[in-house]
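Structure data (mmCIF, C-alpha atoms) from target_38.cif:
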data_work
#
loop_
_atom_site.group_PDB
_atom_site.id
_atom_site.type_symbol
_atom_site.label_atom_id
_atom_site.label_comp_id
_atom_site.auth_asym_id
_atom_site.auth_seq_id
_atom_site.Cartn_x
_atom_site.Cartn_y
_atom_site.Cartn_z
ATOM 1 C CA MET A 197 -10.505 -7.353 23.582
ATOM 2 C CA ALA A 198 -7.501 -8.383 25.698
ATOM 3 C CA LEU A 199 -5.241 -5.576 26.883
ATOM 4 C CA GLY A 200 -2.284 -6.786 24.819
ATOM 5 C CA THR A 201 -4.454 -7.074 21.728
ATOM 6 C CA GLN A 202 -5.872 -3.616 22.355
ATOM 7 C CA ARG A 203 -2.382 -2.166 22.628
ATOM 8 C CA ASP A 204 -1.367 -3.943 19.421
ATOM 9 C CA ALA A 205 -4.387 -2.451 17.668
ATOM 10 C CA GLU A 206 -3.608 1.035 18.957
ATOM 11 C CA SER A 207 0.011 0.793 17.842
ATOM 12 C CA GLY A 208 -1.216 -0.581 14.503
ATOM 13 C CA VAL A 209 -3.447 2.454 13.964
ATOM 14 C CA GLU A 210 -0.557 4.786 14.755
ATOM 15 C CA PHE A 211 1.751 2.912 12.388
ATOM 16 C CA LEU A 212 -0.730 2.907 9.504
ATOM 17 C CA LEU A 213 -1.469 6.608 9.831
ATOM 18 C CA THR A 214 2.152 7.643 10.383
ATOM 19 C CA GLU A 215 3.640 5.564 7.573
ATOM 20 C CA ALA A 216 0.859 6.144 5.037
ATOM 21 C CA ARG A 217 1.633 6.626 1.362
ATOM 22 C CA PHE A 218 -0.422 9.240 -0.486
ATOM 23 C CA GLU A 219 -1.444 8.773 -4.108
ATOM 24 C CA LEU A 220 -1.793 11.938 -6.203
ATOM 25 C CA MET A 221 -2.849 12.435 -9.803
ATOM 26 C CA PRO A 222 -0.549 14.710 -11.859
ATOM 27 C CA PHE A 223 -3.205 17.323 -12.613
ATOM 28 C CA ASP A 224 -2.963 21.108 -12.392
ATOM 29 C CA SER A 225 -3.902 20.949 -8.699
ATOM 30 C CA PHE A 226 -0.879 18.738 -7.924
ATOM 31 C CA ASP A 227 1.385 21.507 -6.581
ATOM 32 C CA GLU A 228 -1.284 22.755 -4.188
ATOM 33 C CA GLU A 229 -2.331 19.290 -3.037
ATOM 34 C CA ILE A 230 1.172 18.047 -2.276
ATOM 35 C CA GLN A 231 1.847 21.070 -0.067
ATOM 36 C CA GLU A 232 -0.909 19.890 2.289
ATOM 37 C CA LEU A 233 1.035 16.690 3.007
ATOM 38 C CA PRO A 234 3.953 16.284 5.444
ATOM 39 C CA ASP A 235 7.448 17.236 4.321
ATOM 40 C CA GLY A 236 9.253 14.180 2.988
ATOM 41 C CA ALA A 237 6.048 12.135 2.729
ATOM 42 C CA SER A 238 5.841 9.100 0.463
ATOM 43 C CA ILE A 239 3.951 10.186 -2.672
ATOM 44 C CA ALA A 240 2.700 7.839 -5.380
ATOM 45 C CA ILE A 241 2.073 9.635 -8.687
ATOM 46 C CA THR A 242 -0.350 8.074 -11.135
ATOM 47 C CA THR A 243 -0.264 7.912 -14.922
ATOM 48 C CA SER A 244 -3.126 9.921 -16.393
ATOM 49 C CA PRO A 245 -4.915 8.737 -19.563
ATOM 50 C CA LYS A 246 -5.194 12.376 -20.680
ATOM 51 C CA LEU A 247 -1.705 13.586 -19.739
ATOM 52 C CA GLY A 248 0.341 10.465 -20.442
ATOM 53 C CA ILE A 249 3.505 9.083 -18.878
ATOM 54 C CA GLU A 250 5.618 12.202 -19.452
ATOM 55 C CA ARG A 251 3.601 14.278 -16.978
ATOM 56 C CA THR A 252 4.074 11.538 -14.373
ATOM 57 C CA ILE A 253 7.843 11.600 -14.834
ATOM 58 C CA GLU A 254 7.995 15.403 -14.712
ATOM 59 C CA ARG A 255 5.959 15.546 -11.506
ATOM 60 C CA SER A 256 8.136 12.795 -10.025
ATOM 61 C CA GLU A 257 11.333 14.690 -10.794
ATOM 62 C CA ASP A 258 9.939 17.876 -9.259
ATOM 63 C CA ALA A 259 8.600 16.176 -6.115
ATOM 64 C CA ALA A 260 11.829 14.248 -5.585
ATOM 65 C CA ALA A 261 13.787 17.510 -5.867
ATOM 66 C CA ASP A 262 11.515 18.939 -3.154
ATOM 67 C CA GLY A 263 12.450 16.118 -0.780
ATOM 68 C CA TYR A 264 9.460 13.800 -1.108
ATOM 69 C CA GLU A 265 9.833 10.033 -1.321
ATOM 70 C CA VAL A 266 8.417 9.549 -4.805
ATOM 71 C CA VAL A 267 6.857 6.404 -6.273
ATOM 72 C CA PRO A 268 5.859 6.972 -9.905
ATOM 73 C CA HIS A 269 3.360 4.721 -11.655
ATOM 74 C CA ILE A 270 5.092 3.310 -14.730
ATOM 75 C CA ALA A 271 2.014 2.009 -16.526
ATOM 76 C CA ALA A 272 2.961 -0.592 -19.116
ATOM 77 C CA ARG A 273 0.410 0.309 -21.782
ATOM 78 C CA TYR A 274 1.604 3.944 -21.853
ATOM 79 C CA ILE A 275 5.226 3.126 -22.728
ATOM 80 C CA GLU A 276 6.114 3.237 -26.429
ATOM 81 C CA GLY A 277 8.970 0.751 -26.243
ATOM 82 C CA PRO A 278 12.317 -0.271 -24.705
ATOM 83 C CA GLU A 279 14.066 2.992 -25.602
ATOM 84 C CA GLN A 280 11.459 5.135 -23.886
ATOM 85 C CA LEU A 281 11.462 2.807 -20.884
ATOM 86 C CA GLU A 282 15.231 3.069 -20.550
ATOM 87 C CA GLU A 283 15.054 6.872 -20.793
ATOM 88 C CA ILE A 284 12.356 6.972 -18.107
ATOM 89 C CA CYS A 285 14.415 4.774 -15.802
ATOM 90 C CA ARG A 286 17.508 6.902 -16.353
ATOM 91 C CA ARG A 287 15.645 10.110 -15.471
ATOM 92 C CA LEU A 288 14.073 8.593 -12.389
ATOM 93 C CA ARG A 289 17.331 7.189 -11.054
ATOM 94 C CA GLU A 290 19.064 10.526 -11.674
ATOM 95 C CA ALA A 291 16.251 12.171 -9.681
ATOM 96 C CA GLY A 292 16.960 9.800 -6.801
ATOM 97 C CA VAL A 293 13.835 7.654 -7.211
ATOM 98 C CA THR A 294 14.352 4.148 -5.816
ATOM 99 C CA ASP A 295 10.777 2.838 -5.773
ATOM 100 C CA ILE A 296 8.360 2.412 -8.700
ATOM 101 C CA PHE A 297 4.900 0.933 -9.116
ATOM 102 C CA VAL A 298 4.133 -1.056 -12.280
ATOM 103 C CA PRO A 299 0.452 -1.437 -13.259
ATOM 104 C CA GLY A 300 -0.784 -2.538 -16.642
ATOM 105 C CA GLY A 301 -2.593 0.761 -17.171
ATOM 106 C CA ASP A 302 -6.163 1.419 -18.270
ATOM 107 C CA ARG A 303 -5.356 2.567 -21.793
ATOM 108 C CA GLU A 304 -7.525 0.610 -24.244
ATOM 109 C CA GLU A 305 -4.764 0.134 -26.820
ATOM 110 C CA PRO A 306 -1.116 -0.089 -25.718
ATOM 111 C CA ALA A 307 1.199 2.648 -26.978
ATOM 112 C CA GLY A 308 3.814 0.046 -27.862
ATOM 113 C CA GLU A 309 4.829 -3.544 -27.262
ATOM 114 C CA PHE A 310 4.096 -3.672 -23.519
ATOM 115 C CA GLU A 311 0.577 -5.002 -23.181
ATOM 116 C CA SER A 312 0.743 -5.931 -19.507
ATOM 117 C CA ALA A 313 2.591 -5.188 -16.300
ATOM 118 C CA TYR A 314 4.347 -8.538 -16.674
ATOM 119 C CA ASP A 315 5.762 -7.517 -20.064
ATOM 120 C CA LEU A 316 7.189 -4.342 -18.546
ATOM 121 C CA LEU A 317 8.572 -6.100 -15.484
ATOM 122 C CA VAL A 318 10.498 -8.516 -17.689
ATOM 123 C CA ALA A 319 11.886 -5.616 -19.730
ATOM 124 C CA LEU A 320 12.887 -3.745 -16.553
ATOM 125 C CA ASP A 321 14.783 -6.788 -15.383
ATOM 126 C CA ASP A 322 17.034 -6.538 -18.449
ATOM 127 C CA LEU A 323 17.933 -2.866 -17.969
ATOM 128 C CA GLU A 324 21.008 -1.508 -16.218
ATOM 129 C CA TYR A 325 18.876 0.868 -14.136
ATOM 130 C CA GLU A 326 17.661 -0.900 -10.999
ATOM 131 C CA PHE A 327 15.155 0.099 -8.320
ATOM 132 C CA ASP A 328 15.213 -1.036 -4.712
ATOM 133 C CA GLU A 329 11.438 -1.440 -4.640
ATOM 134 C CA VAL A 330 8.992 -2.488 -7.357
ATOM 135 C CA GLY A 331 5.278 -2.658 -6.651
ATOM 136 C CA ILE A 332 2.561 -4.585 -8.486
ATOM 137 C CA THR A 333 -1.253 -4.517 -8.297
ATOM 138 C CA GLY A 334 -3.505 -6.767 -6.239
ATOM 139 C CA TYR A 335 -7.296 -7.102 -6.568
ATOM 140 C CA PRO A 336 -9.071 -8.065 -3.314
ATOM 141 C CA GLU A 337 -12.448 -7.956 -5.049
ATOM 142 C CA GLY A 338 -11.420 -9.205 -8.458
ATOM 143 C CA HIS A 339 -11.412 -7.421 -11.793
ATOM 144 C CA ASP A 340 -14.278 -6.514 -14.121
ATOM 145 C CA PHE A 341 -12.674 -8.092 -17.185
ATOM 146 C CA ILE A 342 -10.330 -10.772 -15.786
ATOM 147 C CA ASP A 343 -11.504 -13.901 -13.978
ATOM 148 C CA GLU A 344 -10.120 -15.051 -10.638
ATOM 149 C CA GLU A 345 -7.885 -17.806 -11.975
ATOM 150 C CA GLU A 346 -6.319 -15.538 -14.569
ATOM 151 C CA LEU A 347 -5.703 -12.882 -11.913
ATOM 152 C CA ALA A 348 -4.077 -15.468 -9.650
ATOM 153 C CA ALA A 349 -1.864 -16.776 -12.465
ATOM 154 C CA SER A 350 -0.854 -13.216 -13.369
ATOM 155 C CA MET A 351 0.069 -12.477 -9.757
ATOM 156 C CA GLU A 352 2.238 -15.575 -9.559
ATOM 157 C CA LYS A 353 4.036 -14.586 -12.783
ATOM 158 C CA LYS A 354 4.686 -11.013 -11.640
ATOM 159 C CA ALA A 355 5.633 -11.749 -8.038
ATOM 160 C CA PRO A 356 9.268 -12.789 -8.685
ATOM 161 C CA TYR A 357 9.948 -9.375 -10.270
ATOM 162 C CA ALA A 358 8.340 -7.364 -7.448
ATOM 163 C CA THR A 359 9.063 -6.488 -3.824
ATOM 164 C CA TYR A 360 5.518 -5.576 -2.698
ATOM 165 C CA ILE A 361 1.851 -5.474 -3.694
ATOM 166 C CA VAL A 362 -0.533 -2.498 -3.676
ATOM 167 C CA THR A 363 -4.208 -3.406 -3.541
ATOM 168 C CA GLN A 364 -6.940 -1.760 -5.539
ATOM 169 C CA LEU A 365 -9.283 0.542 -3.634
ATOM 170 C CA CYS A 366 -11.372 -1.447 -1.151
ATOM 171 C CA TYR A 367 -13.685 -0.456 1.720
ATOM 172 C CA ASP A 368 -14.017 -3.820 3.459
ATOM 173 C CA PRO A 369 -11.191 -4.904 5.809
ATOM 174 C CA ASP A 370 -12.500 -8.481 5.913
ATOM 175 C CA ALA A 371 -12.332 -8.750 2.118
ATOM 176 C CA ILE A 372 -8.749 -7.485 2.190
ATOM 177 C CA LEU A 373 -7.675 -9.909 4.906
ATOM 178 C CA GLU A 374 -9.329 -12.860 3.157
ATOM 179 C CA TRP A 375 -7.622 -11.956 -0.094
ATOM 180 C CA ILE A 376 -4.230 -11.812 1.628
ATOM 181 C CA GLU A 377 -4.894 -15.252 3.130
ATOM 182 C CA ASP A 378 -5.718 -16.538 -0.354
ATOM 183 C CA ILE A 379 -2.521 -15.266 -2.011
ATOM 184 C CA ARG A 380 -0.482 -16.636 0.892
ATOM 185 C CA ALA A 381 -2.077 -20.043 0.291
ATOM 186 C CA ARG A 382 -0.963 -19.749 -3.336
ATOM 187 C CA GLY A 383 2.634 -19.111 -2.262
ATOM 188 C CA VAL A 384 2.808 -15.341 -2.826
ATOM 189 C CA ASP A 385 4.645 -13.932 0.198
ATOM 190 C CA LEU A 386 5.186 -10.301 -0.824
ATOM 191 C CA PRO A 387 4.336 -7.588 1.715
ATOM 192 C CA VAL A 388 1.051 -5.799 1.062
ATOM 193 C CA GLU A 389 0.323 -2.085 0.930
ATOM 194 C CA VAL A 390 -3.431 -1.807 1.373
ATOM 195 C CA GLY A 391 -5.181 0.662 -0.921
ATOM 196 C CA ILE A 392 -7.830 2.661 0.933
ATOM 197 C CA PRO A 393 -9.891 5.759 0.083
ATOM 198 C CA GLY A 394 -9.125 9.055 1.722
ATOM 199 C CA VAL A 395 -11.608 11.586 3.105
ATOM 200 C CA MET A 396 -14.186 12.663 0.563
ATOM 201 C CA ASN A 397 -17.774 13.572 -0.163
ATOM 202 C CA TYR A 398 -19.780 10.307 -0.232
ATOM 203 C CA GLN A 399 -21.431 10.878 -3.572
ATOM 204 C CA ARG A 400 -18.156 11.757 -5.267
ATOM 205 C CA LEU A 401 -16.469 8.727 -3.736
ATOM 206 C CA LEU A 402 -19.262 6.377 -4.796
ATOM 207 C CA SER A 403 -19.089 7.771 -8.330
ATOM 208 C CA ILE A 404 -15.317 7.267 -8.497
ATOM 209 C CA SER A 405 -15.593 3.778 -6.995
ATOM 210 C CA GLN A 406 -18.091 2.660 -9.618
ATOM 211 C CA LYS A 407 -15.893 4.036 -12.398
ATOM 212 C CA VAL A 408 -12.847 2.092 -11.206
ATOM 213 C CA GLY A 409 -14.798 -1.123 -10.839
ATOM 214 C CA VAL A 410 -15.115 -1.409 -7.063
ATOM 215 C CA GLY A 411 -18.282 -3.480 -6.927
ATOM 216 C CA ASP A 412 -18.846 -5.230 -3.602
ATOM 217 C CA SER A 413 -17.132 -2.412 -1.748
ATOM 218 C CA VAL A 414 -19.811 0.035 -2.837
ATOM 219 C CA LYS A 415 -22.413 -2.368 -1.408
ATOM 220 C CA PHE A 416 -20.326 -2.624 1.764
ATOM 221 C CA LEU A 417 -20.783 1.098 2.415
ATOM 222 C CA ARG A 418 -24.553 0.511 2.510
ATOM 223 C CA LYS A 419 -24.478 -2.875 4.224
ATOM 224 C CA THR A 420 -24.267 -2.394 7.980
ATOM 225 C CA THR A 421 -27.918 -1.616 8.694
ATOM 226 C CA GLY A 422 -29.231 -1.491 5.155
ATOM 227 C CA ILE A 423 -29.818 1.606 3.092
ATOM 228 C CA PHE A 424 -31.233 3.492 6.110
ATOM 229 C CA GLY A 425 -28.020 2.885 8.008
ATOM 230 C CA PHE A 426 -26.042 4.119 5.041
ATOM 231 C CA VAL A 427 -28.121 7.311 4.845
ATOM 232 C CA LYS A 428 -27.790 7.810 8.610
ATOM 233 C CA GLN A 429 -24.025 7.398 8.342
ATOM 234 C CA LEU A 430 -23.920 9.825 5.417
ATOM 235 C CA VAL A 431 -25.956 12.463 7.269
ATOM 236 C CA GLY A 432 -24.150 11.927 10.572
ATOM 237 C CA SER A 433 -20.782 12.401 8.913
ATOM 238 C CA ARG A 434 -22.006 15.568 7.155
ATOM 239 C CA GLY A 435 -21.812 13.741 3.847
ATOM 240 C CA ARG A 436 -18.132 12.836 4.134
ATOM 241 C CA TYR A 437 -16.551 9.402 4.061
ATOM 242 C CA ARG A 438 -13.664 8.762 6.471
ATOM 243 C CA PRO A 439 -11.698 5.496 6.500
ATOM 244 C CA ASP A 440 -11.825 5.020 10.297
ATOM 245 C CA ASP A 441 -13.359 1.538 10.110
ATOM 246 C CA LEU A 442 -10.822 0.388 7.547
ATOM 247 C CA ILE A 443 -7.867 1.556 9.634
ATOM 248 C CA GLU A 444 -9.296 -0.008 12.787
ATOM 249 C CA GLY A 445 -10.044 -3.272 10.989
ATOM 250 C CA LEU A 446 -6.525 -3.595 9.596
ATOM 251 C CA ALA A 447 -4.603 -2.332 12.640
ATOM 252 C CA PRO A 448 -4.549 -5.603 14.662
ATOM 253 C CA TYR A 449 -2.849 -7.396 11.744
ATOM 254 C CA VAL A 450 -0.014 -4.927 11.175
ATOM 255 C CA ASN A 451 2.611 -7.016 12.987
ATOM 256 C CA ASP A 452 1.283 -10.389 11.851
ATOM 257 C CA ASP A 453 3.940 -12.311 9.902
ATOM 258 C CA GLU A 454 1.350 -14.031 7.708
ATOM 259 C CA TYR A 455 -0.397 -10.883 6.516
ATOM 260 C CA ARG A 456 2.751 -8.737 6.184
ATOM 261 C CA ILE A 457 0.806 -5.470 5.925
ATOM 262 C CA ARG A 458 3.498 -2.895 5.319
ATOM 263 C CA GLY A 459 1.219 0.143 5.324
ATOM 264 C CA VAL A 460 -1.721 1.850 3.654
ATOM 265 C CA HIS A 461 -1.755 3.436 0.230
ATOM 266 C CA ILE A 462 -4.295 6.267 0.410
ATOM 267 C CA TYR A 463 -6.109 7.100 -2.804
ATOM 268 C CA THR A 464 -6.498 10.835 -2.177
ATOM 269 C CA PHE A 465 -8.093 11.730 -5.542
ATOM 270 C CA ASN A 466 -6.283 15.041 -4.974
ATOM 271 C CA GLN A 467 -8.409 15.899 -1.931
ATOM 272 C CA THR A 468 -5.539 16.288 0.530
ATOM 273 C CA PRO A 469 -6.574 19.107 2.927
ATOM 274 C CA ASP A 470 -9.513 17.197 4.455
ATOM 275 C CA LEU A 471 -7.510 13.965 4.449
ATOM 276 C CA GLU A 472 -4.597 15.489 6.309
ATOM 277 C CA ASN A 473 -6.879 17.177 8.846
ATOM 278 C CA TRP A 474 -8.506 13.814 9.548
ATOM 279 C CA ARG A 475 -5.174 11.976 9.746
ATOM 280 C CA GLN A 476 -3.707 14.462 12.193
ATOM 281 C CA SER A 477 -6.829 14.411 14.367
ATOM 282 C CA GLN A 478 -6.674 10.603 14.526
ATOM 283 C CA LEU A 479 -3.014 10.640 15.524
ATOM 284 C CA GLN A 480 -3.700 13.158 18.277
ATOM 285 C CA SER A 481 -6.753 11.386 19.697
#

Please go through the file and, once you have read it, give me the structure as structure tokens.
Amino acid sequence: MALGTQRDAESGVEFLLTEARFELMPFDSFDEEIQELPDGASIAITTSPKLGIERTIERSEDAAADGYEVVPHIAARYIEGPEQLEEICRRLREAGVTDIFVPGGDREEPAGEFESAYDLLVALDDLEYEFDEVGITGYPEGHDFIDEEELAASMEKKAPYATYIVTQLCYDPDAILEWIEDIRARGVDLPVEVGIPGVMNYQRLLSISQKVGVGDSVKFLRKTTGIFGFVKQLVGSRGRYRPDDLIEGLAPYVNDDEYRIRGVHIYTFNQTPDLENWRQSQLQS
């Protein structure tokens, strides 16, 4: 690796780890988990199928009041209708929230008339409450129930209403980079926040990955030297996954104008102490 390229990669690693966004789920452990993260950190707060959108808004208000940069997930299929959406937007703007993420949501039946993220984005565009940043979902490895062409068409419809993309959890930097190249070829130029796993027990992470439909990425964890290599890596790491390879694979592309990688979105699964210990050790190394 040329010296200049090496320096770019090193600065890319530092940028990704310093500017990381941390995703938390609004469970009972939320207050303890958020305290492990840096003061003023950027915190994405998911919508829980069990707790609903109200818990997300409450946690967002509280975290914003505590000085965090909050990005609530406003999942379309959890919103009952335009009146509830307007009330949510009012509360968030009053709390000082300027950035929201709009997924479709994994609820089987929508709570109201918003069946997709696109439906909600259109409705948001008609409201008086505006947000500086609006994120939408990207799928580097596709979707279990939506084919590639439909995903691409959906992205192109949503893109004009958004300011950035957050990718679904992925373990393979090459798959992420290829996907970014593909959306660029289709004319989607939004900056990308790459969704990566945090630090976690391998078996728990594999279980979560399979539940959220991360197919090829699970194989990628085992791929390098076959299943024996995977077991060796598992044992050598004391059974814990760390996203070192992902960070190193993405780092050289941080300042590339084609890829427009604006940071990493770390899916913590509310396991923040180990994640933050790892992140700090990487920054100090």

**OP:** Apply the PyMOL selection byres ((chain A and resi 356-362) around 10) to the displayed file and report the matching residues as a ChimeraX atom specification.
**Re:** /A:295-299,314,317-318,320-321,328-335,351-355,363-365,384-391,456-461

**OP:** Figure out the distance between atom CA of A:Leu281 and atom CA of A:Phe310, please, to one decimal in Å.
**Re:**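 Distance reported for this atom pair: 10.2 Å.
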
**OP:** Go ahead and compute the interatomic distance for atom CA of A:Leu373 and atom CA of A:Tyr455, in Å to one decimal.
**Re:**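 So the answer is 7.5 Å.
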
Subject >> Straight-line distance linking atom CA of A:Tyr367 with atom CA of A:Asp441, stated in Å to one decimal >> reply: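 Calculated distance between atom CA of A:Tyr367 and atom CA of A:Asp441 is 8.6 Å.
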
Report the residues retrieved by the PyMOL selection byres ((chain A and resi 266-279) around 6) from the displayed file, expressed as a PDB file with C-alpha atoms, in the coordinates of the input.
ATOM      1  CA  SER A 238       5.841   9.100   0.463  1.00  0.00           C
ATOM      2  CA  ILE A 239       3.951  10.186  -2.672  1.00  0.00           C
ATOM      3  CA  ALA A 240       2.700   7.839  -5.380  1.00  0.00           C
ATOM      4  CA  ILE A 241       2.073   9.635  -8.687  1.00  0.00           C
ATOM      5  CA  THR A 242      -0.350   8.074 -11.135  1.00  0.00           C
ATOM      6  CA  THR A 243      -0.264   7.912 -14.922  1.00  0.00           C
ATOM      7  CA  ALA A 260      11.829  14.248  -5.585  1.00  0.00           C
ATOM      8  CA  TYR A 264       9.460  13.800  -1.108  1.00  0.00           C
ATOM      9  CA  GLU A 265       9.833  10.033  -1.321  1.00  0.00           C
ATOM     10  CA  GLN A 280      11.459   5.135 -23.886  1.00  0.00           C
ATOM     11  CA  LEU A 281      11.462   2.807 -20.884  1.00  0.00           C
ATOM     12  CA  GLU A 282      15.231   3.069 -20.550  1.00  0.00           C
ATOM     13  CA  ASP A 295      10.777   2.838  -5.773  1.00  0.00           C
ATOM     14  CA  ILE A 296       8.360   2.412  -8.700  1.00  0.00           C
ATOM     15  CA  PHE A 297       4.900   0.933  -9.116  1.00  0.00           C
ATOM     16  CA  VAL A 298       4.133  -1.056 -12.280  1.00  0.00           C
ATOM     17  CA  PRO A 299       0.452  -1.437 -13.259  1.00  0.00           C
ATOM     18  CA  GLY A 300      -0.784  -2.538 -16.642  1.00  0.00           C
ATOM     19  CA  GLY A 301      -2.593   0.761 -17.171  1.00  0.00           C
ATOM     20  CA  PRO A 306      -1.116  -0.089 -25.718  1.00  0.00           C
ATOM     21  CA  ALA A 307       1.199   2.648 -26.978  1.00  0.00           C
ATOM     22  CA  GLY A 308       3.814   0.046 -27.862  1.00  0.00           C
ATOM     23  CA  PHE A 310       4.096  -3.672 -23.519  1.00  0.00           C
ATOM     24  CA  GLU A 311       0.577  -5.002 -23.181  1.00  0.00           C
ATOM     25  CA  SER A 312       0.743  -5.931 -19.507  1.00  0.00           C
ATOM     26  CA  ALA A 313       2.591  -5.188 -16.300  1.00  0.00           C
ATOM     27  CA  LEU A 316       7.189  -4.342 -18.546  1.00  0.00           C
TER      28      LEU A 316
END

Subject >> Picked residues, the PyMOL selection byres ((chain A and resi 227) around 12), expected as a PyMOL selection string >> reply: chain A and resi 220-226+228-233+255-256+258-259+262+466+468

**OP:** Determine, counting only C-alpha atoms, which protein, DNA and RNA residues have an atom within 9 Å of an atom of A:Glu326; residues of the same chain fewer than 6 positions away are not included. Present the result as JSON, numbers by chain.
**Re:** {"A": [285, 289, 294, 320]}

Since we have the selection now, will you write its residues out, keeping C-alpha atoms, as a PDB file, in the coordinates of the input?
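The resulting file, again_30.pdb, is shown below:
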ATOM      1  CA  CYS A 285      14.415   4.774 -15.802  1.00  0.00           C
ATOM      2  CA  ARG A 289      17.331   7.189 -11.054  1.00  0.00           C
ATOM      3  CA  THR A 294      14.352   4.148  -5.816  1.00  0.00           C
ATOM      4  CA  LEU A 320      12.887  -3.745 -16.553  1.00  0.00           C
TER       5      LEU A 320
END

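Using all atoms listed in the file, the nearest neighbour of A:Glu337 within the list A:Glu219, A:Asp302, A:Asp322, A:Asp378 is A:Asp378.
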
**OP:** Write out as a list in words which residues come within 8 Å of A:Ile253 when counting all atoms listed in the file, dropping same-chain ones fewer than 5 positions away.
**Re:**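 Near neighbours after the sequence-gap exclusion: Pro268, Ile284, Arg287 and Leu288 of chain A.
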
Could you give me the centre and size, in Å to one decimal, of an axis-aligned box around all listed atoms of stretch 438-442 of chain A with 5 Å added on every side, as JSON?
{"center_x": -12.2, "center_y": 4.6, "center_z": 8.4, "size_x": 12.8, "size_y": 18.4, "size_z": 13.8}
